[in-house]
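Structure data (compact mmCIF, C-alpha atoms (C1' of nucleotides)) from query_37.txt:
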# COMPACT_ATOMS: atom_id res chain seq x y z
CA MET A 1 266.47 227.12 58.86
CA PRO A 2 263.87 225.24 60.92
CA GLU A 3 262.57 226.74 64.13
CA LYS A 4 263.95 225.33 67.30
CA THR A 5 261.30 222.87 68.46
CA HIS A 6 259.92 223.53 71.89
CA PRO A 7 259.04 220.62 74.13
CA ALA A 8 255.37 220.40 75.09
CA PRO A 9 254.90 222.75 78.03
CA LEU A 10 253.99 221.39 81.42
CA ARG A 11 252.55 223.83 83.90
CA LEU A 12 252.07 222.25 87.26
CA ALA A 13 248.98 224.37 87.85
CA THR A 14 247.14 222.71 84.98
CA PHE A 15 248.54 219.22 85.45
CA LEU A 16 245.73 217.00 86.66
CA PRO A 17 247.71 214.75 89.02
CA PHE A 18 249.08 217.81 90.75
CA ARG A 19 245.72 219.53 90.98
CA LEU A 20 244.07 216.43 92.34
CA SER A 21 246.76 215.98 94.93
CA VAL A 22 246.61 219.56 96.13
CA LEU A 23 242.84 219.60 96.26
CA SER A 24 242.64 216.30 98.06
CA ASN A 25 245.21 217.40 100.60
CA ALA A 26 243.39 220.64 101.28
CA VAL A 27 240.13 218.80 101.83
CA SER A 28 241.65 216.01 103.89
CA GLN A 29 243.52 218.40 106.08
CA ARG A 30 240.40 220.36 106.98
CA ILE A 31 238.51 217.27 107.87
CA ALA A 32 241.36 215.44 109.56
CA GLU A 33 241.77 218.42 111.81
CA LEU A 34 238.16 218.12 112.84
CA TYR A 35 238.45 214.44 113.77
CA ASP A 36 241.68 214.99 115.62
CA ARG A 37 240.87 218.22 117.41
CA GLU A 38 237.42 217.23 118.58
CA PHE A 39 237.81 213.50 119.09
CA GLY A 40 241.49 212.62 119.04
CA LEU A 41 241.01 210.36 116.04
CA SER A 42 243.22 209.96 113.01
CA ILE A 43 241.61 209.88 109.62
CA TRP A 44 242.41 206.17 109.45
CA GLN A 45 240.68 205.49 112.71
CA TRP A 46 237.69 207.43 111.50
CA ARG A 47 237.52 205.36 108.34
CA VAL A 48 237.65 202.17 110.34
CA MET A 49 234.85 203.39 112.57
CA ALA A 50 232.76 204.38 109.58
CA VAL A 51 232.87 201.00 107.89
CA THR A 52 232.48 199.16 111.17
CA ALA A 53 229.39 201.19 111.96
CA ASP A 54 228.10 200.33 108.53
CA THR A 55 228.95 196.64 108.79
CA PRO A 56 229.23 195.42 112.38
CA GLY A 57 231.31 192.28 112.71
CA ILE A 58 233.49 193.17 109.75
CA SER A 59 237.01 191.72 109.58
CA ALA A 60 240.22 193.72 109.36
CA THR A 61 240.81 192.48 105.83
CA GLU A 62 237.40 193.63 104.69
CA ILE A 63 238.01 196.98 106.31
CA GLY A 64 241.17 197.28 104.27
CA GLN A 65 239.28 196.62 101.06
CA ARG A 66 236.50 199.02 101.81
CA THR A 67 238.77 201.85 102.95
CA GLN A 68 241.72 201.33 100.62
CA MET A 69 243.97 201.05 103.65
CA ASP A 70 246.69 198.44 103.74
CA LYS A 71 246.55 195.78 106.39
CA VAL A 72 249.24 197.35 108.53
CA ALA A 73 247.36 200.62 108.65
CA VAL A 74 244.17 198.80 109.52
CA SER A 75 245.92 196.84 112.24
CA ARG A 76 247.25 200.00 113.80
CA ALA A 77 244.00 201.91 113.57
CA VAL A 78 242.10 199.01 115.10
CA ALA A 79 244.61 198.70 117.92
CA GLY A 80 244.28 202.39 118.67
CA LEU A 81 240.50 202.27 118.69
CA ILE A 82 240.45 199.28 121.01
CA GLU A 83 242.90 201.11 123.26
CA VAL A 84 240.54 204.04 123.68
CA GLY A 85 237.54 201.78 124.03
CA TYR A 86 235.67 202.56 120.84
CA LEU A 87 236.08 199.17 119.22
CA GLU A 88 235.81 195.60 120.36
CA ARG A 89 237.35 192.48 118.92
CA ARG A 90 235.25 189.32 118.95
CA PRO A 91 236.94 186.09 117.99
CA SER A 92 235.33 184.54 114.96
CA THR A 93 233.88 181.14 115.68
CA ASP A 94 234.56 179.66 112.29
CA ASP A 95 238.04 181.06 111.64
CA ALA A 96 240.40 181.64 114.52
CA ARG A 97 242.66 183.91 112.49
CA ARG A 98 240.14 186.63 112.01
CA SER A 99 238.12 188.58 114.46
CA ASN A 100 234.80 190.26 114.10
CA LEU A 101 235.05 193.91 114.89
CA VAL A 102 232.24 195.94 116.38
CA LEU A 103 231.94 199.40 117.82
CA THR A 104 231.43 199.55 121.55
CA PRO A 105 228.56 201.68 122.88
CA ALA A 106 231.12 204.43 123.47
CA GLY A 107 232.30 204.02 119.89
CA ILE A 108 228.77 204.25 118.57
CA GLY A 109 228.22 207.39 120.60
CA ILE A 110 231.29 209.06 119.17
CA TYR A 111 230.44 207.87 115.71
CA GLU A 112 227.01 209.43 115.94
CA LEU A 113 228.55 212.67 117.09
CA ILE A 114 230.99 212.75 114.21
CA VAL A 115 228.66 211.83 111.36
CA PRO A 116 226.67 215.05 111.30
CA LEU A 117 229.83 217.12 111.61
CA ALA A 118 231.49 215.27 108.77
CA LEU A 119 228.42 215.59 106.59
CA ALA A 120 228.23 219.28 107.42
CA GLU A 121 231.83 219.74 106.35
CA GLU A 122 231.12 217.95 103.13
CA ALA A 123 227.98 219.98 102.58
CA GLN A 124 229.84 223.20 103.10
CA LEU A 125 232.53 222.08 100.70
CA VAL A 126 230.15 221.20 97.91
CA SER A 127 227.82 224.10 98.57
CA ALA A 128 229.77 225.98 95.93
CA LEU A 129 228.34 223.55 93.38
CA SER A 130 224.77 223.07 92.22
CA GLU A 131 223.09 219.70 92.67
CA LYS A 132 223.68 219.03 89.04
CA GLU A 133 227.35 219.93 89.27
CA GLN A 134 227.79 217.73 92.31
CA ALA A 135 226.36 214.78 90.45
CA GLU A 136 228.51 215.54 87.44
CA LEU A 137 231.63 215.76 89.56
CA ALA A 138 230.87 212.41 91.15
CA ARG A 139 230.35 210.89 87.74
CA LEU A 140 233.58 212.27 86.30
CA MET A 141 235.55 211.17 89.33
CA GLY A 142 234.14 207.71 88.90
CA LYS A 143 235.33 207.55 85.32
CA LEU A 144 238.73 208.82 86.33
CA ALA A 145 238.98 206.27 89.10
CA LYS A 146 238.30 203.49 86.66
CA ALA A 147 240.95 204.84 84.29
CA ALA A 148 243.50 205.25 87.06
CA SER A 149 242.97 201.86 88.58
CA PRO A 150 241.19 199.51 86.21
CA GLU A 151 242.29 196.41 88.12
CA ARG A 152 240.36 197.03 91.29
CA ASP A 153 237.28 199.03 92.05
CA LEU A 154 238.21 202.05 94.09
CA TRP A 155 234.82 202.45 95.67
CA MET B 1 205.29 205.63 120.17
CA PRO B 2 207.66 207.57 117.95
CA GLU B 3 209.96 205.76 115.57
CA LYS B 4 213.56 205.49 116.62
CA THR B 5 215.33 208.28 114.75
CA HIS B 6 218.14 207.16 112.54
CA PRO B 7 221.20 209.35 112.22
CA ALA B 8 221.97 210.58 108.74
CA PRO B 9 223.78 207.76 106.96
CA LEU B 10 227.38 208.15 105.97
CA ARG B 11 228.71 205.76 103.41
CA LEU B 12 232.41 206.18 102.89
CA ALA B 13 232.03 205.27 99.23
CA THR B 14 229.93 208.35 98.57
CA PHE B 15 231.71 210.71 100.92
CA LEU B 16 233.55 213.26 98.83
CA PRO B 17 236.66 213.70 100.99
CA PHE B 18 237.16 209.97 100.95
CA ARG B 19 236.61 209.64 97.23
CA LEU B 20 238.96 212.50 96.50
CA SER B 21 241.66 211.03 98.68
CA VAL B 22 241.42 207.58 97.16
CA LEU B 23 241.36 208.91 93.62
CA SER B 24 244.26 211.25 94.21
CA ASN B 25 246.31 208.49 95.79
CA ALA B 26 245.65 206.14 92.90
CA VAL B 27 246.71 208.76 90.39
CA SER B 28 249.72 209.93 92.36
CA GLN B 29 250.95 206.44 92.91
CA ARG B 30 250.93 205.61 89.22
CA ILE B 31 252.81 208.70 88.34
CA ALA B 32 255.20 208.67 91.31
CA GLU B 33 256.19 205.20 90.29
CA LEU B 34 257.12 206.48 86.86
CA TYR B 35 259.35 209.24 88.20
CA ASP B 36 260.99 206.96 90.69
CA ARG B 37 261.42 203.87 88.55
CA GLU B 38 262.74 205.64 85.47
CA PHE B 39 264.60 208.55 87.01
CA GLY B 40 265.03 207.95 90.72
CA LEU B 41 263.07 211.08 91.54
CA SER B 42 260.50 211.59 94.24
CA ILE B 43 257.31 213.38 93.38
CA TRP B 44 258.56 216.35 95.40
CA GLN B 45 261.78 216.51 93.45
CA TRP B 46 259.82 216.37 90.24
CA ARG B 47 257.64 219.26 91.31
CA VAL B 48 260.68 221.33 92.17
CA MET B 49 262.18 220.59 88.78
CA ALA B 50 258.95 221.50 87.03
CA VAL B 51 258.65 224.94 88.57
CA THR B 52 262.35 225.61 88.25
CA ALA B 53 262.22 224.75 84.57
CA ASP B 54 259.30 227.11 84.25
CA THR B 55 260.93 229.90 86.24
CA PRO B 56 264.73 229.68 86.30
CA GLY B 57 266.30 231.50 89.22
CA ILE B 58 263.30 230.89 91.46
CA SER B 59 263.83 230.87 95.23
CA ALA B 60 263.00 228.02 97.57
CA THR B 61 260.23 230.02 99.16
CA GLU B 62 258.59 230.70 95.82
CA ILE B 63 258.87 227.03 94.97
CA GLY B 64 257.00 226.27 98.14
CA GLN B 65 254.19 228.59 97.18
CA ARG B 66 253.89 227.30 93.67
CA THR B 67 253.98 223.63 94.61
CA GLN B 68 252.13 223.72 97.93
CA MET B 69 255.13 222.13 99.59
CA ASP B 70 256.30 223.34 102.96
CA LYS B 71 259.75 224.82 103.24
CA VAL B 72 261.28 221.73 104.81
CA ALA B 73 260.08 219.56 101.97
CA VAL B 74 261.42 222.06 99.48
CA SER B 75 264.75 222.19 101.26
CA ARG B 76 265.09 218.43 101.17
CA ALA B 77 264.02 218.09 97.56
CA VAL B 78 266.44 220.82 96.52
CA ALA B 79 269.29 219.21 98.46
CA GLY B 80 268.59 215.89 96.76
CA LEU B 81 268.49 217.42 93.31
CA ILE B 82 271.76 219.25 93.87
CA GLU B 83 273.26 216.02 95.14
CA VAL B 84 272.48 214.22 91.89
CA GLY B 85 273.52 217.20 89.80
CA TYR B 86 270.19 218.28 88.37
CA LEU B 87 269.97 221.58 90.18
CA GLU B 88 272.34 224.42 90.94
CA ARG B 89 272.22 227.01 93.66
CA ARG B 90 273.33 230.53 92.79
CA PRO B 91 273.70 233.02 95.61
CA SER B 92 271.41 235.96 95.19
CA THR B 93 273.29 239.24 94.85
CA ASP B 94 270.71 241.38 96.61
CA ASP B 95 269.69 239.05 99.45
CA ALA B 96 272.28 236.72 100.91
CA ARG B 97 269.67 234.55 102.58
CA ARG B 98 268.11 233.30 99.42
CA SER B 99 269.56 231.55 96.47
CA ASN B 100 268.46 231.50 92.90
CA LEU B 101 267.85 227.97 91.75
CA VAL B 102 268.36 226.79 88.21
CA LEU B 103 268.39 223.42 86.52
CA THR B 104 271.79 222.24 85.34
CA PRO B 105 272.12 221.04 81.74
CA ALA B 106 271.77 217.50 83.07
CA GLY B 107 268.65 218.58 84.93
CA ILE B 108 267.18 220.14 81.82
CA GLY B 109 267.91 216.97 79.90
CA ILE B 110 266.07 214.84 82.44
CA TYR B 111 263.25 217.32 82.64
CA GLU B 112 262.75 217.18 78.91
CA LEU B 113 262.68 213.42 79.05
CA ILE B 114 260.09 213.37 81.79
CA VAL B 115 257.69 215.98 80.43
CA PRO B 116 256.36 213.95 77.52
CA LEU B 117 256.02 210.87 79.69
CA ALA B 118 254.14 212.77 82.35
CA LEU B 119 251.86 214.35 79.78
CA ALA B 120 251.27 210.96 78.23
CA GLU B 121 250.24 209.55 81.60
CA GLU B 122 247.89 212.43 82.11
CA ALA B 123 246.50 212.02 78.61
CA GLN B 124 245.86 208.36 79.17
CA LEU B 125 244.17 209.10 82.45
CA VAL B 126 241.79 211.67 81.05
CA SER B 127 241.23 209.81 77.80
CA ALA B 128 238.19 208.30 79.44
CA LEU B 129 236.66 211.77 79.36
CA SER B 130 235.60 213.89 76.41
CA GLU B 131 237.19 217.29 75.89
CA LYS B 132 234.09 218.86 77.29
CA GLU B 133 234.12 216.63 80.35
CA GLN B 134 237.77 217.39 80.97
CA ALA B 135 237.07 221.10 80.94
CA GLU B 136 234.09 220.63 83.19
CA LEU B 137 236.12 218.59 85.66
CA ALA B 138 238.79 221.25 85.78
CA ARG B 139 236.18 223.89 86.39
CA LEU B 140 234.46 221.97 89.18
CA MET B 141 237.76 221.20 90.84
CA GLY B 142 238.58 224.88 90.75
CA LYS B 143 235.37 225.75 92.53
CA LEU B 144 235.98 223.06 95.09
CA ALA B 145 239.50 224.27 95.68
CA LYS B 146 238.25 227.71 96.40
CA ALA B 147 235.65 226.36 98.82
CA ALA B 148 238.18 224.12 100.56
CA SER B 149 240.83 226.76 100.92
CA PRO B 150 239.43 230.24 100.47
CA GLU B 151 242.42 231.87 102.21
CA ARG B 152 245.03 231.06 99.67
CA ASP B 153 244.86 230.20 96.00
CA LEU B 154 245.69 226.59 95.51
CA TRP B 155 246.85 226.98 91.93
C1' DA C 1 246.02 162.25 107.51
C1' DT C 2 249.84 165.18 106.27
C1' DA C 3 252.77 168.22 103.75
C1' DA C 4 252.72 172.47 101.04
C1' DG C 5 250.62 176.53 100.24
C1' DA C 6 247.56 180.38 101.18
C1' DT C 7 245.44 183.75 104.37
C1' DA C 8 244.62 186.93 108.69
C1' DG C 9 246.82 189.80 111.25
C1' DT C 10 251.00 191.63 113.97
C1' DT C 11 255.67 193.09 114.66
C1' DT C 12 260.01 194.86 113.11
C1' DC C 13 262.83 197.87 110.76
C1' DA C 14 264.09 201.36 107.66
C1' DT C 15 262.50 205.61 105.61
C1' DA C 16 259.46 209.70 105.08
C1' DT C 17 257.37 213.50 107.01
C1' DG C 18 256.02 217.49 109.98
C1' DT C 19 256.95 220.55 113.95
C1' DA C 20 259.84 223.18 116.33
C1' DA C 21 264.23 225.00 117.21
C1' DC C 22 267.98 227.09 115.13
C1' DT C 23 271.35 230.17 112.09
C1' DA C 24 272.14 233.82 109.21
C1' DA C 25 270.66 237.79 106.98
C1' DT C 26 267.48 241.62 106.22
C1' DA C 27 263.90 244.99 107.61
C1' DT C 28 261.82 247.94 110.98
C1' DT C 29 261.40 250.93 114.78
C1' DG C 30 262.46 254.20 118.15
C1' DC D 1 272.27 253.69 114.48
C1' DA D 2 271.34 250.25 117.87
C1' DA D 3 267.72 247.02 119.35
C1' DT D 4 263.98 244.19 117.83
C1' DA D 5 261.32 241.77 114.77
C1' DT D 6 260.94 239.22 110.32
C1' DT D 7 262.33 236.28 106.75
C1' DA D 8 265.09 232.42 104.09
C1' DG D 9 266.49 228.27 104.72
C1' DT D 10 268.52 224.16 107.43
C1' DT D 11 268.87 220.89 111.15
C1' DA D 12 267.13 217.95 114.87
C1' DC D 13 263.78 215.32 116.84
C1' DA D 14 259.70 212.87 117.28
C1' DT D 15 256.07 210.46 114.82
C1' DA D 16 253.93 208.25 110.73
C1' DT D 17 254.22 205.08 107.17
C1' DG D 18 255.24 201.01 104.18
C1' DA D 19 257.72 196.72 103.04
C1' DA D 20 259.10 192.58 104.54
C1' DA D 21 259.44 189.08 107.93
C1' DC D 22 256.91 186.56 111.09
C1' DT D 23 253.07 183.71 113.77
C1' DA D 24 249.05 181.35 113.77
C1' DT D 25 245.45 179.27 111.40
C1' DC D 26 243.11 177.41 107.57
C1' DT D 27 242.88 175.12 102.78
C1' DT D 28 244.28 172.09 99.26
C1' DA D 29 246.27 168.18 97.24
C1' DT D 30 247.93 163.83 97.61
Whole structure given in structure tokens:
Amino acid sequence: MPEKTHPAPLRLATFLPFRLSVLSNAVSQRIAELYDREFGLSIWQWRVMAVTADTPGISATEIGQRTQMDKVAVSRAVAGLIEVGYLERRPSTDDARRSNLVLTPAGIGIYELIVPLALAEEAQLVSALSEKEQAELARLMGKLAKAASPERDLW
Amino acid sequence: MPEKTHPAPLRLATFLPFRLSVLSNAVSQRIAELYDREFGLSIWQWRVMAVTADTPGISATEIGQRTQMDKVAVSRAVAGLIEVGYLERRPSTDDARRSNLVLTPAGIGIYELIVPLALAEEAQLVSALSEKEQAELARLMGKLAKAASPERDLW
DNA sequence: ATAAGATAGTTTCATATGTAACTAATATTG
DNA sequence: CAATATTAGTTACATATGAAACTATCTTAT
């Protein structure tokens, strides 16, 4: 009499999508708390500030591409940042539908306060890994990203 | 005259919390779509099923610990699964507050359909990596998890 | 030049999610 | 053996989020 066949086991704790999700949430939560507690910013607002600092005059659509946020999320984050005076909307001369977004001086000030804190958080996080391991992790994540989303580049 | 000092640069695309979040979302979305499209299950419901299959008679609180879901999310997922007949609540004899949760035969059937599909998704995802790389990734993620959340074990 | 389509961005609406308040039961303390 | 604190789980409420509809502008094709 043949053995009863067992289905392949699935333990959540070793299932990559689960592990990734839990790890990402733990990391995001730590860092989101920092932005919110110290500066009243959501993680989305922070992302918008980061790419706008990097590329002044960027459009909302471009922000969406660079941050992987959808256009509604970008719209809301931008509105919030303008509300608190960290971002300014300049009408584009050549296309009246888009605007060129720039940080205000206040926005730049906040941005420059946040950057070292964010980098310090990251540094503390990866301090458990050697330089070599950090590079390896980045490389493996890149491969995974390509496998998970071959259509568009994730970053 | 001293040079103007530049703040440390922060490029979102190389910032680990951002990369982790984007990667995790891409992976989760693929797999959530599978559960939902084929079986009408949310990712939370799937997680509850997975740990309940693994540990029949588990309590809601334990499910929360094992899945990193908060108790409200567990409560809702459990309610939904009972609603569709995949899960059954058995009152605990020794503590009237808790119930022992078990998959119904229908729930087990669905679970056994999903497992190979989920594992196949995972396999496809990690197929871009060698065995060695997969093990290394798991190891590095483990270290990171400990650094991100030293208080409690993430998995 | 004009109609049909595409694009940038916002608003609306329905659903998901988290926090806090709540109920019921158990555990602890004096 | 009360009185109080803790725990398991649910409910209510307020906010976040995403999909689809919408407005305004620009592009393309005739």
Item to check | Neighbours of chain C in chain B at 12 Å, counting all atoms listed in the file, as an MDAnalysis selection string | outcome: chainID B and resid 42 44 69:73 76 92 94:98
Next on the checklist: Show me, as number ranges by chain, the residues of chain B whose atoms get within 9 Å of chain A, using all atoms listed in the file for the distance check.
Outcome noted: B: 7-28, 30-31, 47, 50-51, 54, 66-68, 112, 115-116, 118-119, 122, 124-129, 133-134, 136-138, 140-149, 154-155
Checklist outcome for this item: A straight line from atom CA of Ala79 of chain A to atom CA of Gln45 of chain A spans 9.4 Å
Checklist entry - What is the atom C1' of DT23 of chain D to atom CA of Gly85 of chain A distance in Å? => result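 So the answer is 25.9 Å.
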Coordinates of chain B after Cα superposition on chain A, as a CSV table (one decimal) with C-alpha atoms, in the coordinates of the input:
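out21.csv, written as the output of this step:
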chain,number,residue,atom,x,y,z
B,1,MET,CA,267.0,227.0,59.1
B,2,PRO,CA,264.4,225.2,61.1
B,3,GLU,CA,262.9,226.7,64.3
B,4,LYS,CA,264.2,225.2,67.5
B,5,THR,CA,261.5,222.8,68.6
B,6,HIS,CA,260.0,223.4,71.9
B,7,PRO,CA,259.0,220.5,74.1
B,8,ALA,CA,255.3,220.3,75.0
B,9,PRO,CA,254.8,222.7,77.9
B,10,LEU,CA,253.9,221.3,81.3
B,11,ARG,CA,252.5,223.8,83.8
B,12,LEU,CA,252.0,222.2,87.2
B,13,ALA,CA,248.9,224.4,87.8
B,14,THR,CA,247.1,222.7,84.9
B,15,PHE,CA,248.5,219.2,85.4
B,16,LEU,CA,245.7,217.0,86.6
B,17,PRO,CA,247.6,214.7,89.0
B,18,PHE,CA,249.0,217.8,90.7
B,19,ARG,CA,245.7,219.5,90.9
B,20,LEU,CA,244.0,216.4,92.3
B,21,SER,CA,246.7,216.0,94.9
B,22,VAL,CA,246.6,219.6,96.1
B,23,LEU,CA,242.8,219.6,96.2
B,24,SER,CA,242.6,216.3,98.0
B,25,ASN,CA,245.2,217.4,100.6
B,26,ALA,CA,243.4,220.7,101.2
B,27,VAL,CA,240.1,218.8,101.8
B,28,SER,CA,241.6,216.0,103.9
B,29,GLN,CA,243.5,218.4,106.1
B,30,ARG,CA,240.4,220.4,107.0
B,31,ILE,CA,238.5,217.3,107.9
B,32,ALA,CA,241.3,215.5,109.6
B,33,GLU,CA,241.7,218.4,111.8
B,34,LEU,CA,238.1,218.1,112.8
B,35,TYR,CA,238.4,214.5,113.8
B,36,ASP,CA,241.7,215.0,115.6
B,37,ARG,CA,240.9,218.2,117.4
B,38,GLU,CA,237.4,217.2,118.6
B,39,PHE,CA,237.8,213.5,119.1
B,40,GLY,CA,241.5,212.6,119.0
B,41,LEU,CA,241.0,210.4,116.0
B,42,SER,CA,243.2,210.0,113.0
B,43,ILE,CA,241.6,209.9,109.6
B,44,TRP,CA,242.4,206.2,109.4
B,45,GLN,CA,240.7,205.5,112.7
B,46,TRP,CA,237.7,207.4,111.5
B,47,ARG,CA,237.5,205.4,108.3
B,48,VAL,CA,237.7,202.2,110.3
B,49,MET,CA,234.9,203.4,112.6
B,50,ALA,CA,232.8,204.4,109.6
B,51,VAL,CA,232.9,201.0,107.9
B,52,THR,CA,232.5,199.1,111.2
B,53,ALA,CA,229.4,201.2,112.0
B,54,ASP,CA,228.1,200.3,108.5
B,55,THR,CA,229.0,196.6,108.8
B,56,PRO,CA,229.3,195.4,112.4
B,57,GLY,CA,231.4,192.2,112.7
B,58,ILE,CA,233.5,193.1,109.7
B,59,SER,CA,237.1,191.7,109.6
B,60,ALA,CA,240.3,193.7,109.3
B,61,THR,CA,240.9,192.5,105.8
B,62,GLU,CA,237.4,193.6,104.7
B,63,ILE,CA,238.0,197.0,106.3
B,64,GLY,CA,241.2,197.3,104.2
B,65,GLN,CA,239.3,196.6,101.0
B,66,ARG,CA,236.5,199.0,101.8
B,67,THR,CA,238.8,201.8,102.9
B,68,GLN,CA,241.7,201.3,100.6
B,69,MET,CA,244.0,201.1,103.6
B,70,ASP,CA,246.7,198.5,103.7
B,71,LYS,CA,246.6,195.8,106.4
B,72,VAL,CA,249.2,197.4,108.5
B,73,ALA,CA,247.4,200.7,108.6
B,74,VAL,CA,244.2,198.8,109.5
B,75,SER,CA,245.9,196.9,112.2
B,76,ARG,CA,247.3,200.1,113.8
B,77,ALA,CA,244.0,201.9,113.5
B,78,VAL,CA,242.1,199.0,115.1
B,79,ALA,CA,244.6,198.7,117.9
B,80,GLY,CA,244.3,202.4,118.6
B,81,LEU,CA,240.5,202.3,118.7
B,82,ILE,CA,240.5,199.3,121.0
B,83,GLU,CA,242.9,201.1,123.2
B,84,VAL,CA,240.6,204.1,123.7
B,85,GLY,CA,237.6,201.8,124.0
B,86,TYR,CA,235.7,202.6,120.8
B,87,LEU,CA,236.1,199.2,119.2
B,88,GLU,CA,235.9,195.6,120.4
B,89,ARG,CA,237.4,192.5,118.9
B,90,ARG,CA,235.3,189.3,118.9
B,91,PRO,CA,237.0,186.1,118.0
B,92,SER,CA,235.4,184.5,115.0
B,93,THR,CA,234.0,181.1,115.7
B,94,ASP,CA,234.7,179.6,112.3
B,95,ASP,CA,238.2,181.0,111.6
B,96,ALA,CA,240.5,181.6,114.5
B,97,ARG,CA,242.7,183.9,112.5
B,98,ARG,CA,240.2,186.6,112.0
B,99,SER,CA,238.2,188.6,114.5
B,100,ASN,CA,234.9,190.2,114.1
B,101,LEU,CA,235.1,193.9,114.9
B,102,VAL,CA,232.3,195.9,116.4
B,103,LEU,CA,232.0,199.4,117.8
B,104,THR,CA,231.5,199.5,121.5
B,105,PRO,CA,228.6,201.7,122.9
B,106,ALA,CA,231.1,204.4,123.5
B,107,GLY,CA,232.3,204.0,119.9
B,108,ILE,CA,228.8,204.2,118.6
B,109,GLY,CA,228.2,207.4,120.6
B,110,ILE,CA,231.3,209.0,119.2
B,111,TYR,CA,230.4,207.9,115.7
B,112,GLU,CA,227.0,209.4,116.0
B,113,LEU,CA,228.5,212.7,117.1
B,114,ILE,CA,231.0,212.7,114.2
B,115,VAL,CA,228.6,211.8,111.4
B,116,PRO,CA,226.7,215.0,111.3
B,117,LEU,CA,229.8,217.1,111.6
B,118,ALA,CA,231.5,215.3,108.8
B,119,LEU,CA,228.4,215.6,106.6
B,120,ALA,CA,228.2,219.3,107.5
B,121,GLU,CA,231.8,219.8,106.4
B,122,GLU,CA,231.1,218.0,103.2
B,123,ALA,CA,227.9,220.0,102.6
B,124,GLN,CA,229.8,223.2,103.1
B,125,LEU,CA,232.5,222.1,100.7
B,126,VAL,CA,230.1,221.2,97.9
B,127,SER,CA,227.8,224.1,98.6
B,128,ALA,CA,229.7,226.0,96.0
B,129,LEU,CA,228.3,223.6,93.4
B,130,SER,CA,224.7,223.1,92.3
B,131,GLU,CA,223.1,219.8,92.7
B,132,LYS,CA,223.6,219.1,89.1
B,133,GLU,CA,227.3,220.0,89.3
B,134,GLN,CA,227.7,217.8,92.3
B,135,ALA,CA,226.3,214.8,90.5
B,136,GLU,CA,228.4,215.6,87.5
B,137,LEU,CA,231.6,215.8,89.6
B,138,ALA,CA,230.8,212.5,91.2
B,139,ARG,CA,230.3,210.9,87.8
B,140,LEU,CA,233.5,212.3,86.3
B,141,MET,CA,235.5,211.2,89.3
B,142,GLY,CA,234.0,207.7,88.9
B,143,LYS,CA,235.2,207.6,85.3
B,144,LEU,CA,238.6,208.8,86.3
B,145,ALA,CA,238.9,206.3,89.1
B,146,LYS,CA,238.2,203.5,86.7
B,147,ALA,CA,240.8,204.9,84.3
B,148,ALA,CA,243.4,205.3,87.1
B,149,SER,CA,242.9,201.9,88.6
B,150,PRO,CA,241.1,199.5,86.2
B,151,GLU,CA,242.2,196.4,88.2
B,152,ARG,CA,240.3,197.0,91.3
B,153,ASP,CA,237.2,199.1,92.1
B,154,LEU,CA,238.1,202.0,94.1
B,155,TRP,CA,234.7,202.5,95.7
Checklist entry - Between D:DT4, D:DT10, D:DA20, D:DT25, which has the minimum distance to chain B (counting all atoms listed in the file)? => result D:DT10
Interface list for chain D, partner chain A, 12 Å threshold, all atoms listed in the file, as an mmCIF file with C-alpha atoms (C1' of nucleotides), keeping the file's coordinate frame:
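New file result-v3.cif:
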data_model
loop_
_atom_site.group_PDB
_atom_site.id
_atom_site.type_symbol
_atom_site.label_atom_id
_atom_site.label_comp_id
_atom_site.auth_asym_id
_atom_site.auth_seq_id
_atom_site.Cartn_x
_atom_site.Cartn_y
_atom_site.Cartn_z
ATOM 1 C "C1'" DA D 16 253.930 208.250 110.730
ATOM 2 C "C1'" DT D 17 254.220 205.080 107.170
ATOM 3 C "C1'" DG D 18 255.240 201.010 104.180
ATOM 4 C "C1'" DA D 19 257.720 196.720 103.040
ATOM 5 C "C1'" DA D 20 259.100 192.580 104.540
ATOM 6 C "C1'" DT D 23 253.070 183.710 113.770
ATOM 7 C "C1'" DA D 24 249.050 181.350 113.770
ATOM 8 C "C1'" DT D 25 245.450 179.270 111.400
ATOM 9 C "C1'" DC D 26 243.110 177.410 107.570
ATOM 10 C "C1'" DT D 27 242.880 175.120 102.780
#
Next on the checklist: List the spatial neighbours of Gly40 of chain B as a ChimeraX atom specification - criterion: any atom at most 12 Å away, only C-alpha atoms (C1' of nucleotides), same-chain residues fewer than 4 positions off excluded.
Outcome noted: /B:32-36,44-46,80-81,84,86,110,114
Checklist entry - Any idea what the distance is between atom CA of Glu38 of chain B and atom CA of Gly109 of chain B? => result 13.6 Å
Serialized segment 13-26 of chain C w/ C-alpha atoms (C1' of nucleotides) as a short mmCIF file (atom, residue, chain, number, x, y, z; two decimals), in the first residue's frame:
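Resulting contents of decode_21.cif:
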data_model
loop_
_atom_site.label_atom_id
_atom_site.label_comp_id
_atom_site.auth_asym_id
_atom_site.auth_seq_id
_atom_site.Cartn_x
_atom_site.Cartn_y
_atom_site.Cartn_z
"C1'" DC C 13 -16.41 57.26 -3.69
"C1'" DA C 14 -16.01 52.83 -1.80
"C1'" DT C 15 -13.02 49.93 0.92
"C1'" DA C 16 -9.08 48.89 4.03
"C1'" DT C 17 -6.71 49.77 8.06
"C1'" DG C 18 -5.27 51.23 12.78
"C1'" DT C 19 -6.44 53.16 17.35
"C1'" DA C 20 -9.14 53.26 21.05
"C1'" DA C 21 -13.06 51.88 23.50
"C1'" DC C 22 -15.58 48.05 24.84
"C1'" DT C 23 -17.26 43.14 26.60
"C1'" DA C 24 -16.43 38.98 28.68
"C1'" DA C 25 -13.56 36.01 31.08
"C1'" DT C 26 -9.50 34.91 33.85
#
